[in-house]
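A.B. asks: What follows is a single structure, and I will ask about it in a moment.
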Amino acid sequence: PARHAALADYRVAILPSVTWLPVGQTFMAAIERLREHLARTGVRVAEAQPDGFGDRVEYHDVYLSLLGPTLGATPRTPDERRNRAAEIRASGVPFAEARARGVEASAADFIDGHARREQYRAAWRDFFRSWDILLAPIVSTPAPPYSTVPLGQRLLDVDGTPVDAFRLLAHPGLAVLAGLPATAFPLGLTPDGLPIGIQAVGPYLEDRTPIRFAGLVAQELGGYQRPPGYDDDRVTRATGA
């Protein structure tokens with residue numbers, strides 16, 4: 001079962017910001033509004049993260065180095081892998097080395113990365129003895145314009161700063177690396193009418209805790225809001241339902 005039934009009983013941490021992973025002010029303002037609301041309802045809420053995470057650069061490095069062999073069934077031959085790794089390194093984008101290592105990884109490399117992941121899992125276990133939920137961005141920007149540029153070459157505008165899109169995998173990677181449950185939930189709309197969402201990360205195998213928390217927040221703040229222009233009649237005509 002979820003750790004708590006009432007919102008006021010939750011102990012909620014908010015992930016500290018880091019300079020290398022910018023988040024748009026619209027999203028940060030939504031998180032701040034939620035923090036203020038939680039504090040008013042009696043929730044224990046403060047900025048915190050597991051011990052030893054620092055600026056989370058190494059955490060993301062481990063994530064990418066394990067993501068490569070997990071998803072990279074192709075290229076298959078040693079020459080293909082070397083060429084692909086060389087292309088990634090030549091791109092010069094942040095964390096290119098970690099991605100390249102993942103493409104070239106041996107079984108021993110993967111086992112070493114898994115050992116580093118287990119250290120982070122232990123830190124998470126300690127963290128969730130004092131906290132029930134970690135709130136964090138799940139994206140840096142609202143939905144961007146459609147693009148045919150490959151993800152590894154794409155830049156996104158974060159309040160006027162171009163950020164390579166691959167770096168933004170650090171947001172979902174926060175929970176994915178350690179196998180933690182995370183519930184994405186809405187926090188209103190941007191001034192342009194695009195949805196804002198954040199994630200509630202919970203303890204290992206305690207999926208009902210972040211799900212329950214997100215549901216309680218929805219009851220307090222109204223939950224999902226339909227973006228302007230997506231009224232029922234228009235949706236019905238577009239889908240043929």
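Residues are referred to by chain and number: the chain letter is A, B, ... according to the order shown in the structure tokens, the number counts from 1 in that chain, and ligands are numbered separately from 1 in the order shown.
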So which bits of range 145-226 of chain A end up strand (DSSP E or B) when you DSSP the backbone, as a list in words?

C.D. replies: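 Output for range 145-226 of chain A, strand (DSSP E or B) only: Leu155, Leu156, Asp157, Val158, Thr161, Pro162, Val163, Asp164, Ala182, Thr183, Ala184, Phe185, Pro186, Leu187, Gly188, Leu189, Pro195, Ile196, Gly197, Ile198, Gln199, Ala200 and Val201 of chain A.
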
A.B. asks: Could you save the residues just selected, with C-alpha atoms, as a PDB file, in the first residue's frame?

C.D. replies:
ATOM      1  CA  LEU A 155      18.988  21.548 -29.826  1.00  0.00           C
ATOM      2  CA  LEU A 156      16.115  22.714 -27.653  1.00  0.00           C
ATOM      3  CA  ASP A 157      15.528  26.263 -26.507  1.00  0.00           C
ATOM      4  CA  VAL A 158      15.428  26.539 -22.711  1.00  0.00           C
ATOM      5  CA  THR A 161      19.702  28.841 -24.054  1.00  0.00           C
ATOM      6  CA  PRO A 162      20.261  26.109 -26.675  1.00  0.00           C
ATOM      7  CA  VAL A 163      20.588  22.722 -24.974  1.00  0.00           C
ATOM      8  CA  ASP A 164      21.331  19.457 -26.743  1.00  0.00           C
ATOM      9  CA  ALA A 182       7.983   7.585 -10.900  1.00  0.00           C
ATOM     10  CA  THR A 183       4.553   9.071 -11.565  1.00  0.00           C
ATOM     11  CA  ALA A 184       4.264  11.972 -14.003  1.00  0.00           C
ATOM     12  CA  PHE A 185       1.408  14.334 -13.201  1.00  0.00           C
ATOM     13  CA  PRO A 186       0.123  17.697 -14.515  1.00  0.00           C
ATOM     14  CA  LEU A 187       0.692  21.106 -12.929  1.00  0.00           C
ATOM     15  CA  GLY A 188      -1.372  23.401 -15.130  1.00  0.00           C
ATOM     16  CA  LEU A 189      -0.549  25.115 -18.412  1.00  0.00           C
ATOM     17  CA  PRO A 195       0.793  21.316 -20.451  1.00  0.00           C
ATOM     18  CA  ILE A 196       3.283  21.435 -17.565  1.00  0.00           C
ATOM     19  CA  GLY A 197       4.160  18.143 -15.898  1.00  0.00           C
ATOM     20  CA  ILE A 198       6.573  16.977 -13.216  1.00  0.00           C
ATOM     21  CA  GLN A 199       7.396  13.610 -11.689  1.00  0.00           C
ATOM     22  CA  ALA A 200       7.040  12.168  -8.211  1.00  0.00           C
ATOM     23  CA  VAL A 201       9.788   9.598  -7.633  1.00  0.00           C
TER      24      VAL A 201
END

A.B. asks: Could you pull out the alpha helix (DSSP H) residues of range 21-221 of chain A from DSSP and send them as a PyMOL selection string?

C.D. replies: chain A and resi 25-40+57-71+78-91+96-104+107-130+170-176+208-221

A.B. asks: Please determine, counting only C-alpha atoms, which residue among A:Leu168, A:Leu216, A:Val18, A:Leu194 has the shortest atom-to-atom distance to Gly229 in chain A.

C.D. replies: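 Under the stated criterion, the closest residue is A:Leu194.
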
A.B. asks: I need the residue nearest Gly202 in chain A from this list: A:Ala39, A:Val139, A:Ile133, A:Leu174. Use only C-alpha atoms for the distance.

C.D. replies: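 With only C-alpha atoms as the atom set, the closest residue is A:Ile133.
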
A.B. asks: Tell me which protein, DNA and RNA residues are within 12 Å of Gly42 in chain A, counting only C-alpha atoms, leaving out same-chain ones fewer than 2 positions away, and put them as a PyMOL selection string.

C.D. replies: chain A and resi 6-12+35-40+44-45

A.B. asks: Extract, using only C-alpha atoms, all DNA, RNA and protein residues at most 9 Å from range 79-85 of chain A, discarding same-chain residues fewer than 3 positions from it, and format them as a PyMOL selection string.

C.D. replies: chain A and resi 74-76+88-90+96-97+99-104

A.B. asks: What does the file look like for those residues with all heavy atoms, as an mmCIF file, in the first residue's frame?

C.D. replies:
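Output saved as again_22.cif:
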data_model
loop_
_atom_site.group_PDB
_atom_site.id
_atom_site.type_symbol
_atom_site.label_atom_id
_atom_site.label_comp_id
_atom_site.auth_asym_id
_atom_site.auth_seq_id
_atom_site.Cartn_x
_atom_site.Cartn_y
_atom_site.Cartn_z
ATOM 1 N N THR A 74 22.146 -2.727 -32.154
ATOM 2 C CA THR A 74 22.855 -2.421 -33.396
ATOM 3 C C THR A 74 23.618 -1.119 -33.186
ATOM 4 O O THR A 74 23.152 -0.256 -32.425
ATOM 5 C CB THR A 74 21.862 -2.249 -34.564
ATOM 6 O OG1 THR A 74 20.896 -1.254 -34.228
ATOM 7 C CG2 THR A 74 21.165 -3.565 -34.874
ATOM 8 N N PRO A 75 24.773 -0.914 -33.791
ATOM 9 C CA PRO A 75 25.467 -1.825 -34.699
ATOM 10 C C PRO A 75 26.014 -3.061 -33.983
ATOM 11 O O PRO A 75 26.350 -3.000 -32.812
ATOM 12 C CB PRO A 75 26.593 -0.950 -35.254
ATOM 13 C CG PRO A 75 26.845 0.053 -34.182
ATOM 14 C CD PRO A 75 25.525 0.339 -33.564
ATOM 15 N N ARG A 76 26.158 -4.157 -34.737
ATOM 16 C CA ARG A 76 26.480 -5.431 -34.114
ATOM 17 C C ARG A 76 27.962 -5.796 -34.206
ATOM 18 O O ARG A 76 28.509 -6.343 -33.248
ATOM 19 C CB ARG A 76 25.649 -6.552 -34.748
ATOM 20 C CG ARG A 76 24.154 -6.392 -34.509
ATOM 21 C CD ARG A 76 23.377 -7.543 -35.122
ATOM 22 N NE ARG A 76 21.927 -7.396 -34.935
ATOM 23 C CZ ARG A 76 21.289 -7.772 -33.848
ATOM 24 N NH1 ARG A 76 21.958 -8.302 -32.851
ATOM 25 N NH2 ARG A 76 19.975 -7.620 -33.747
ATOM 26 N N ILE A 88 30.011 9.479 -32.273
ATOM 27 C CA ILE A 88 29.468 10.115 -31.069
ATOM 28 C C ILE A 88 30.522 11.008 -30.430
ATOM 29 O O ILE A 88 30.242 12.150 -30.045
ATOM 30 C CB ILE A 88 28.990 9.041 -30.073
ATOM 31 C CG1 ILE A 88 27.788 8.290 -30.654
ATOM 32 C CG2 ILE A 88 28.622 9.672 -28.729
ATOM 33 C CD1 ILE A 88 27.358 7.089 -29.844
ATOM 34 N N ARG A 89 31.751 10.511 -30.311
ATOM 35 C CA ARG A 89 32.815 11.323 -29.711
ATOM 36 C C ARG A 89 33.075 12.579 -30.535
ATOM 37 O O ARG A 89 33.328 13.652 -29.987
ATOM 38 C CB ARG A 89 34.088 10.495 -29.583
ATOM 39 C CG ARG A 89 34.032 9.403 -28.520
ATOM 40 C CD ARG A 89 35.386 8.754 -28.292
ATOM 41 N NE ARG A 89 35.343 7.805 -27.193
ATOM 42 C CZ ARG A 89 35.225 6.480 -27.335
ATOM 43 N NH1 ARG A 89 35.131 5.959 -28.567
ATOM 44 N NH2 ARG A 89 35.177 5.698 -26.278
ATOM 45 N N ALA A 90 33.006 12.452 -31.848
ATOM 46 C CA ALA A 90 33.279 13.592 -32.722
ATOM 47 C C ALA A 90 32.190 14.662 -32.629
ATOM 48 O O ALA A 90 32.428 15.822 -32.986
ATOM 49 C CB ALA A 90 33.423 13.125 -34.173
ATOM 50 N N ALA A 96 29.162 12.868 -24.444
ATOM 51 C CA ALA A 96 29.433 12.039 -25.622
ATOM 52 C C ALA A 96 30.302 10.845 -25.257
ATOM 53 O O ALA A 96 30.102 9.740 -25.778
ATOM 54 C CB ALA A 96 30.096 12.879 -26.715
ATOM 55 N N GLU A 97 31.268 11.043 -24.370
ATOM 56 C CA GLU A 97 32.157 9.945 -23.987
ATOM 57 C C GLU A 97 31.389 8.818 -23.312
ATOM 58 O O GLU A 97 31.633 7.635 -23.572
ATOM 59 C CB GLU A 97 33.264 10.461 -23.066
ATOM 60 C CG GLU A 97 34.249 9.402 -22.606
ATOM 61 C CD GLU A 97 34.970 8.692 -23.749
ATOM 62 O OE1 GLU A 97 35.219 9.334 -24.801
ATOM 63 O OE2 GLU A 97 35.269 7.489 -23.590
ATOM 64 N N ARG A 99 28.229 8.046 -23.733
ATOM 65 C CA ARG A 99 27.445 7.359 -24.760
ATOM 66 C C ARG A 99 28.324 6.464 -25.607
ATOM 67 O O ARG A 99 27.941 5.328 -25.936
ATOM 68 C CB ARG A 99 26.734 8.387 -25.632
ATOM 69 C CG ARG A 99 25.627 9.144 -24.922
ATOM 70 C CD ARG A 99 25.111 10.290 -25.779
ATOM 71 N NE ARG A 99 24.739 9.846 -27.102
ATOM 72 C CZ ARG A 99 24.673 10.636 -28.180
ATOM 73 N NH1 ARG A 99 24.968 11.932 -28.058
ATOM 74 N NH2 ARG A 99 24.321 10.160 -29.348
ATOM 75 N N ALA A 100 29.514 6.961 -25.966
ATOM 76 C CA ALA A 100 30.428 6.157 -26.776
ATOM 77 C C ALA A 100 30.874 4.909 -26.019
ATOM 78 O O ALA A 100 30.967 3.819 -26.597
ATOM 79 C CB ALA A 100 31.640 6.999 -27.177
ATOM 80 N N ARG A 101 31.165 5.051 -24.740
ATOM 81 C CA ARG A 101 31.551 3.886 -23.934
ATOM 82 C C ARG A 101 30.434 2.856 -23.917
ATOM 83 O O ARG A 101 30.685 1.645 -23.936
ATOM 84 C CB ARG A 101 31.876 4.304 -22.498
ATOM 85 C CG ARG A 101 33.195 5.039 -22.340
ATOM 86 C CD ARG A 101 33.686 4.974 -20.889
ATOM 87 N NE ARG A 101 32.657 5.290 -19.917
ATOM 88 C CZ ARG A 101 32.381 6.511 -19.484
ATOM 89 N NH1 ARG A 101 33.081 7.554 -19.949
ATOM 90 N NH2 ARG A 101 31.430 6.723 -18.595
ATOM 91 N N GLY A 102 29.196 3.336 -23.868
ATOM 92 C CA GLY A 102 28.082 2.409 -23.876
ATOM 93 C C GLY A 102 27.998 1.612 -25.164
ATOM 94 O O GLY A 102 27.702 0.410 -25.149
ATOM 95 N N VAL A 103 28.278 2.251 -26.295
ATOM 96 C CA VAL A 103 28.241 1.562 -27.585
ATOM 97 C C VAL A 103 29.323 0.495 -27.660
ATOM 98 O O VAL A 103 29.109 -0.603 -28.190
ATOM 99 C CB VAL A 103 28.403 2.575 -28.734
ATOM 100 C CG1 VAL A 103 28.584 1.860 -30.070
ATOM 101 C CG2 VAL A 103 27.194 3.501 -28.795
ATOM 102 N N GLU A 104 30.498 0.781 -27.094
ATOM 103 C CA GLU A 104 31.636 -0.141 -27.178
ATOM 104 C C GLU A 104 31.706 -1.110 -26.001
ATOM 105 O O GLU A 104 32.596 -1.957 -25.954
ATOM 106 C CB GLU A 104 32.941 0.656 -27.206
ATOM 107 C CG GLU A 104 33.115 1.536 -28.425
ATOM 108 C CD GLU A 104 34.419 2.316 -28.392
ATOM 109 O OE1 GLU A 104 34.694 2.974 -27.365
ATOM 110 O OE2 GLU A 104 35.171 2.237 -29.372
#

A.B. asks: Just want the 10 Å neighbourhood of range 147-150 of chain A, counted on only C-alpha atoms, with same-chain residues fewer than 3 positions away dropped. Output as a list in words.

C.D. replies: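 Result of the neighbour search: Pro144, Gln153, Arg154, Leu155, Ala165 and Phe166 of chain A.
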